[in-house]
file coords06.cif (mmCIF, C-alpha atoms)
data_coords
loop_
_atom_site.group_PDB
_atom_site.id
_atom_site.type_symbol
_atom_site.label_atom_id
_atom_site.label_comp_id
_atom_site.auth_asym_id
_atom_site.auth_seq_id
_atom_site.Cartn_x
_atom_site.Cartn_y
_atom_site.Cartn_z
ATOM 1 C CA MET A 1 -13.236 -52.837 10.372
ATOM 2 C CA ALA A 2 -10.360 -51.134 8.526
ATOM 3 C CA ARG A 3 -12.504 -50.900 5.392
ATOM 4 C CA SER A 4 -15.261 -49.148 7.351
ATOM 5 C CA SER A 5 -12.923 -46.568 8.887
ATOM 6 C CA SER A 6 -11.281 -45.833 5.532
ATOM 7 C CA GLY A 7 -14.743 -45.096 4.101
ATOM 8 C CA PHE A 8 -15.407 -42.784 7.025
ATOM 9 C CA VAL A 9 -12.102 -40.946 6.471
ATOM 10 C CA ALA A 10 -12.851 -40.670 2.740
ATOM 11 C CA GLY A 11 -16.257 -39.196 3.573
ATOM 12 C CA LEU A 12 -14.713 -36.647 5.920
ATOM 13 C CA THR A 13 -12.150 -35.719 3.268
ATOM 14 C CA VAL A 14 -14.876 -35.179 0.654
ATOM 15 C CA ALA A 15 -16.837 -33.030 3.124
ATOM 16 C CA ALA A 16 -13.748 -30.934 3.943
ATOM 17 C CA VAL A 17 -12.894 -30.395 0.266
ATOM 18 C CA ALA A 18 -16.503 -29.411 -0.438
ATOM 19 C CA ALA A 19 -16.483 -26.897 2.437
ATOM 20 C CA VAL A 20 -13.244 -25.294 1.231
ATOM 21 C CA GLY A 21 -14.561 -25.194 -2.345
ATOM 22 C CA PHE A 22 -17.776 -23.558 -1.162
ATOM 23 C CA LEU A 23 -15.854 -20.884 0.759
ATOM 24 C CA ALA A 24 -13.604 -20.292 -2.218
ATOM 25 C CA TYR A 25 -16.627 -19.861 -4.465
ATOM 26 C CA GLN A 26 -18.098 -17.376 -1.975
ATOM 27 C CA ALA A 27 -14.887 -15.409 -1.980
ATOM 28 C CA SER A 28 -14.619 -15.446 -5.765
ATOM 29 C CA ALA A 29 -18.069 -13.935 -6.108
ATOM 30 C CA ASN A 30 -17.251 -10.900 -3.981
ATOM 31 C CA ALA A 31 -14.425 -8.938 -5.629
ATOM 32 C CA PRO A 32 -14.716 -5.178 -6.152
ATOM 33 C CA ASP A 33 -14.950 -3.901 -9.733
ATOM 34 C CA THR A 34 -11.568 -2.205 -9.364
ATOM 35 C CA LEU A 35 -9.717 -5.443 -8.631
ATOM 36 C CA GLY A 36 -6.984 -6.016 -11.194
ATOM 37 C CA THR A 37 -6.435 -2.316 -11.825
ATOM 38 C CA PRO A 38 -3.347 -0.580 -10.448
ATOM 39 C CA GLU A 39 -3.913 0.165 -6.790
ATOM 40 C CA LYS A 40 -3.002 3.344 -4.996
ATOM 41 C CA ALA A 41 -1.394 3.148 -1.591
ATOM 42 C CA THR A 42 -4.041 2.116 0.901
ATOM 43 C CA LYS A 43 -2.434 3.305 4.099
ATOM 44 C CA SER A 44 -4.811 5.380 6.129
ATOM 45 C CA PRO A 45 -4.449 9.090 6.723
ATOM 46 C CA ALA A 46 -4.559 9.993 10.414
ATOM 47 C CA ALA A 47 -8.290 10.783 10.351
ATOM 48 C CA GLY A 48 -11.069 12.208 8.244
ATOM 49 C CA ALA A 49 -12.995 10.902 5.278
ATOM 50 C CA GLU A 50 -12.417 10.326 1.614
ATOM 51 C CA LYS A 51 -14.825 10.160 -1.278
ATOM 52 C CA THR A 52 -14.498 7.046 -3.390
ATOM 53 C CA PRO A 53 -15.015 7.708 -7.116
ATOM 54 C CA GLY A 54 -18.529 6.658 -8.055
ATOM 55 C CA ALA A 55 -19.533 6.126 -4.435
ATOM 56 C CA THR A 56 -22.688 7.700 -3.091
ATOM 57 C CA LYS A 57 -21.562 7.917 0.539
ATOM 58 C CA LYS A 58 -18.426 9.006 2.328
ATOM 59 C CA ARG A 59 -16.077 6.296 3.526
ATOM 60 C CA THR A 60 -14.548 7.020 6.899
ATOM 61 C CA VAL A 61 -10.861 6.279 7.210
ATOM 62 C CA ALA A 62 -10.482 6.781 10.969
ATOM 63 C CA VAL A 63 -10.759 3.569 12.991
ATOM 64 C CA PRO A 64 -14.376 3.366 14.215
ATOM 65 C CA GLU A 65 -14.981 4.314 17.831
ATOM 66 C CA GLY A 66 -15.900 1.390 20.021
ATOM 67 C CA SER A 67 -13.732 -1.063 18.057
ATOM 68 C CA GLY A 68 -11.493 -1.748 21.024
ATOM 69 C CA THR A 69 -7.767 -1.294 21.490
ATOM 70 C CA GLY A 70 -4.618 -3.186 20.672
ATOM 71 C CA GLU A 71 -3.613 -5.121 17.581
ATOM 72 C CA ARG A 72 -6.733 -6.185 15.694
ATOM 73 C CA VAL A 73 -8.623 -6.325 12.421
ATOM 74 C CA VAL A 74 -11.640 -4.007 12.348
ATOM 75 C CA TYR A 75 -14.427 -4.612 9.817
ATOM 76 C CA ALA A 76 -17.152 -1.936 9.463
ATOM 77 C CA LEU A 77 -20.282 -3.412 7.909
ATOM 78 C CA GLY A 78 -21.829 -0.050 6.986
ATOM 79 C CA ASP A 79 -18.699 1.273 5.291
ATOM 80 C CA ASP A 80 -17.531 -2.017 3.725
ATOM 81 C CA ARG A 81 -14.082 -1.146 5.047
ATOM 82 C CA VAL A 82 -11.337 -2.940 6.964
ATOM 83 C CA TRP A 83 -8.572 -1.572 9.181
ATOM 84 C CA LEU A 84 -5.451 -3.484 10.173
ATOM 85 C CA VAL A 85 -4.574 -1.911 13.518
ATOM 86 C CA GLY A 86 -1.076 -2.540 14.852
ATOM 87 C CA ALA A 87 0.781 -1.875 18.078
ATOM 88 C CA GLY A 88 -0.068 1.392 19.781
ATOM 89 C CA ASP A 89 -3.433 1.470 17.982
ATOM 90 C CA LYS A 90 -1.702 2.700 14.810
ATOM 91 C CA VAL A 91 -3.457 1.953 11.531
ATOM 92 C CA ARG A 92 -1.167 -0.107 9.334
ATOM 93 C CA ARG A 93 -3.602 -0.247 6.430
ATOM 94 C CA THR A 94 -7.233 0.442 5.601
ATOM 95 C CA PHE A 95 -9.133 -0.598 2.498
ATOM 96 C CA GLU A 96 -12.580 -1.162 1.080
ATOM 97 C CA VAL A 97 -13.992 -4.651 0.655
ATOM 98 C CA MET A 98 -16.854 -6.274 -1.224
ATOM 99 C CA PRO A 99 -19.005 -8.152 1.305
ATOM 100 C CA GLY A 100 -20.788 -11.410 0.645
ATOM 101 C CA THR A 101 -24.518 -11.853 1.112
ATOM 102 C CA VAL A 102 -24.184 -13.058 4.730
ATOM 103 C CA ASP A 103 -22.843 -10.564 7.264
ATOM 104 C CA PRO A 104 -21.372 -11.508 10.622
ATOM 105 C CA ALA A 105 -23.078 -9.987 13.657
ATOM 106 C CA PRO A 106 -21.228 -7.057 15.222
ATOM 107 C CA GLY A 107 -18.911 -8.313 17.949
ATOM 108 C CA LYS A 108 -15.426 -9.566 18.741
ATOM 109 C CA TYR A 109 -14.072 -12.706 17.061
ATOM 110 C CA THR A 110 -10.680 -14.264 16.428
ATOM 111 C CA VAL A 111 -9.142 -15.700 13.280
ATOM 112 C CA THR A 112 -9.957 -19.407 13.427
ATOM 113 C CA SER A 113 -8.273 -20.724 10.274
ATOM 114 C CA ARG A 114 -6.321 -19.693 7.194
ATOM 115 C CA THR A 115 -5.866 -21.255 3.790
ATOM 116 C CA ALA A 116 -3.100 -19.999 1.491
ATOM 117 C CA ALA A 117 -4.733 -21.021 -1.789
ATOM 118 C CA VAL A 118 -7.757 -23.014 -2.905
ATOM 119 C CA THR A 119 -9.854 -23.315 -6.035
ATOM 120 C CA GLY A 120 -13.456 -22.206 -5.814
ATOM 121 C CA SER A 121 -16.299 -24.357 -7.069
ATOM 122 C CA ASP A 122 -16.494 -21.958 -10.027
ATOM 123 C CA GLY A 123 -12.891 -22.845 -10.908
ATOM 124 C CA VAL A 124 -11.429 -19.496 -9.823
ATOM 125 C CA PRO A 125 -8.266 -19.749 -7.710
ATOM 126 C CA ILE A 126 -8.571 -17.912 -4.387
ATOM 127 C CA GLU A 127 -5.728 -16.892 -2.085
ATOM 128 C CA HIS A 128 -5.233 -15.635 1.453
ATOM 129 C CA VAL A 129 -8.443 -16.997 2.965
ATOM 130 C CA VAL A 130 -8.726 -15.811 6.587
ATOM 131 C CA LEU A 131 -11.805 -17.174 8.404
ATOM 132 C CA PHE A 132 -13.090 -15.702 11.660
ATOM 133 C CA THR A 133 -16.684 -16.891 12.179
ATOM 134 C CA ALA A 134 -19.759 -18.507 10.694
ATOM 135 C CA ALA A 135 -23.199 -16.945 10.336
ATOM 136 C CA GLY A 136 -26.166 -19.237 9.902
ATOM 137 C CA GLY A 137 -23.796 -22.096 9.149
ATOM 138 C CA VAL A 138 -21.997 -20.091 6.441
ATOM 139 C CA PRO A 139 -18.223 -19.569 6.949
ATOM 140 C CA VAL A 140 -17.285 -15.868 7.019
ATOM 141 C CA GLY A 141 -13.845 -14.516 6.231
ATOM 142 C CA PHE A 142 -11.589 -12.446 4.005
ATOM 143 C CA SER A 143 -9.998 -13.553 0.699
ATOM 144 C CA ALA A 144 -8.767 -12.404 -2.719
ATOM 145 C CA ALA A 145 -9.177 -13.882 -6.207
ATOM 146 C CA VAL A 146 -5.842 -14.660 -7.859
ATOM 147 C CA ASP A 147 -7.074 -13.665 -11.334
ATOM 148 C CA GLY A 148 -8.682 -10.426 -10.189
ATOM 149 C CA SER A 149 -12.242 -11.565 -10.948
ATOM 150 C CA THR A 150 -14.820 -9.089 -9.732
ATOM 151 C CA ALA A 151 -18.184 -10.795 -9.955
ATOM 152 C CA GLU A 152 -20.927 -9.402 -7.734
ATOM 153 C CA PRO A 153 -22.196 -11.826 -5.113
ATOM 154 C CA ASP A 154 -25.222 -13.844 -6.179
ATOM 155 C CA ALA A 155 -28.012 -12.485 -3.964
ATOM 156 C CA THR A 156 -29.860 -15.806 -4.178
ATOM 157 C CA LYS A 157 -27.010 -17.629 -2.392
ATOM 158 C CA LYS A 158 -25.653 -17.485 1.132
ATOM 159 C CA LEU A 159 -22.090 -16.207 0.651
ATOM 160 C CA GLY A 160 -19.791 -15.279 3.533
ATOM 161 C CA GLY A 161 -16.686 -14.349 1.563
ATOM 162 C CA ILE A 162 -15.502 -10.761 2.123
ATOM 163 C CA ARG A 163 -13.499 -9.935 -1.005
ATOM 164 C CA GLU A 164 -10.317 -7.880 -0.842
ATOM 165 C CA GLY A 165 -7.988 -6.651 -3.548
ATOM 166 C CA ARG A 166 -4.911 -8.835 -3.982
ATOM 167 C CA ALA A 167 -2.504 -6.406 -2.290
ATOM 168 C CA ASP A 168 -4.952 -5.970 0.584
ATOM 169 C CA GLY A 169 -5.354 -9.754 0.811
ATOM 170 C CA SER A 170 -1.581 -10.126 1.096
ATOM 171 C CA ALA A 171 -1.479 -7.514 3.856
ATOM 172 C CA MET A 172 -4.321 -9.262 5.693
ATOM 173 C CA TRP A 173 -2.524 -12.607 5.344
ATOM 174 C CA GLU A 174 0.667 -11.190 6.852
ATOM 175 C CA PHE A 175 -1.192 -9.460 9.683
ATOM 176 C CA ALA A 176 -4.018 -11.808 10.670
ATOM 177 C CA GLY A 177 -2.663 -15.086 11.975
ATOM 178 C CA VAL A 178 -4.825 -17.622 13.804
ATOM 179 C CA GLY A 179 -5.957 -16.069 17.076
ATOM 180 C CA ARG A 180 -5.745 -12.446 15.868
ATOM 181 C CA PRO A 181 -8.788 -10.459 17.119
ATOM 182 C CA VAL A 182 -11.332 -9.394 14.501
ATOM 183 C CA VAL A 183 -13.807 -6.744 15.608
ATOM 184 C CA VAL A 184 -16.966 -6.288 13.542
ATOM 185 C CA VAL A 185 -18.776 -2.985 13.967
ATOM 186 C CA GLN A 186 -21.914 -1.657 12.374
#
call {"tool": "encode", "arguments": {"input": "coords06.cif", "output": "structure tokens"}}
result
Amino acid sequence: MARSSSGFVAGLTVAAVAAVGFLAYQASANAPDTLGTPEKATKSPAAGAEKTPGATKKRTVAVPEGSGTGERVVYALGDDRVWLVGAGDKVRRTFEVMPGTVDPAPGKYTVTSRTAAVTGSDGVPIEHVVLFTAAGGVPVGFSAAVDGSTAEPDATKKLGGIREGRADGSAMWEFAGVGRPVVVVQ
């Protein structure tokens, strides 16, 4: 009987390691091209819009309307942008992200788990993994590659990693503990 349960535990461990590796790989495939270059301050101006060099559309920096109130993470799918909103609805930080190939549906979620550091299946170390949902069985969350890798997501794979720059990943890690609301807007 003990032999049977130890095999079961070993199987669960292998499955858990595979899931974490898969998420890490997703995250490693989603870094922006500017990752690894010196970053400018990413604190948000009070309102308005900025033009990102090389971008073809304006990126809004004001927190999107309809994203709720209170302390929360706001992720705008259309702008590929995140806001860390603190007490009094004050923006602590806003930054662009590189989404994976699987988007979460708009709605309100909470941070369900966090992993400080893992190695992706591609061998790239990932840090500050903050998961908040799954879409079609694919875990979805924020993370940053330790080495600054910036590979585009492989469109043929289902990838839920939302890639942040390292400094932004650190800020997310400090702000978004388990249970923190995450609001996804279009």
call {"tool": "axis_aligned_box", "arguments": {"input": "coords06.cif", "around": "range 131-149 of chain A", "padding_each_side": "8 Å", "output": "AutoDock Vina command-line options"}}
result
--center_x -16.0 --center_y -16.3 --center_z 0.4 --size_x 36.3 --size_y 27.7 --size_z 39.5
call {"tool": "closest_residue", "arguments": {"input": "coords06.cif", "among": "A:Val74, A:Val82, A:Val118, A:Val184", "to": "Glu164 in chain A", "atoms": "all atoms listed in the file"}}
result
A:Val82
call {"tool": "resolve_selection", "arguments": {"input": "coords06.cif", "expression": "the PyMOL selection byres ((chain A and resi 87-92) around 7)", "output": "list in words"}}
result
Lys43, Ser44, Thr69, Gly70, Glu71, Trp83, Leu84, Val85, Gly86 and Arg93 of chain A
call {"tool": "atom_distance", "arguments": {"input": "coords06.cif", "atom1": "CA of Ala167 in chain A", "atom2": "CA of Ala105 in chain A"}}
result
26.3 Å
call {"tool": "residues_around", "arguments": {"input": "coords06.cif", "residues": "Val102 in chain A", "least_positions_apart": "6", "cutoff": "7 Å", "atoms": "only C-alpha atoms", "output": "ChimeraX atom specification"}}
result
/A:135,158-160
call {"tool": "write_last_selection", "arguments": {"input": "coords06.cif", "atoms": "C-alpha atoms", "output": "compact mmCIF listing (two decimals), in the frame of the given file"}}
result
# COMPACT_ATOMS: atom_id res chain seq x y z
CA ALA A 135 -23.20 -16.94 10.34
CA LYS A 158 -25.65 -17.48 1.13
CA LEU A 159 -22.09 -16.21 0.65
CA GLY A 160 -19.79 -15.28 3.53
call {"tool": "resolve_selection", "arguments": {"input": "coords06.cif", "expression": "the PyMOL selection byres ((chain A and resi 78) around 10)", "output": "PyMOL selection string"}}
result
chain A and resi 59+75-77+79-81+185-186
call {"tool": "resolve_selection", "arguments": {"input": "coords06.cif", "expression": "the PyMOL selection byres ((chain A and resi 116) around 6)", "output": "MDAnalysis selection string"}}
result
chainID A and resid 115 117 127:128
call {"tool": "atom_distance", "arguments": {"input": "coords06.cif", "atom1": "CA of Gly136 in chain A", "atom2": "CA of Gly165 in chain A"}}
result
25.9 Å
call {"tool": "atom_distance", "arguments": {"input": "coords06.cif", "atom1": "CA of Asp147 in chain A", "atom2": "CA of Pro181 in chain A"}}
result
28.7 Å
call {"tool": "residues_around", "arguments": {"input": "coords06.cif", "residues": "Gly169 in chain A", "least_positions_apart": "5", "cutoff": "12 Å", "atoms": "all atoms listed in the file", "output": "PyMOL selection string"}}
result
chain A and resi 27+31+35+42+82+84+93-97+114-117+126-130+141-146+148+162-164+174-176
call {"tool": "closest_residue", "arguments": {"input": "coords06.cif", "among": "A:Gly66, A:Val61, A:Gly107, A:Met98", "to": "Pro153 in chain A", "atoms": "all atoms listed in the file"}}
result
A:Met98
call {"tool": "closest_residue", "arguments": {"input": "coords06.cif", "among": "A:Glu152, A:Ala171, A:Val178, A:Lys157", "to": "Pro99 in chain A", "atoms": "only C-alpha atoms"}}
result
A:Glu152
call {"tool": "closest_residue", "arguments": {"input": "coords06.cif", "among": "A:Pro125, A:Phe132, A:Asp168, A:Gly177", "to": "Pro104 in chain A", "atoms": "all atoms listed in the file"}}
result
A:Phe132
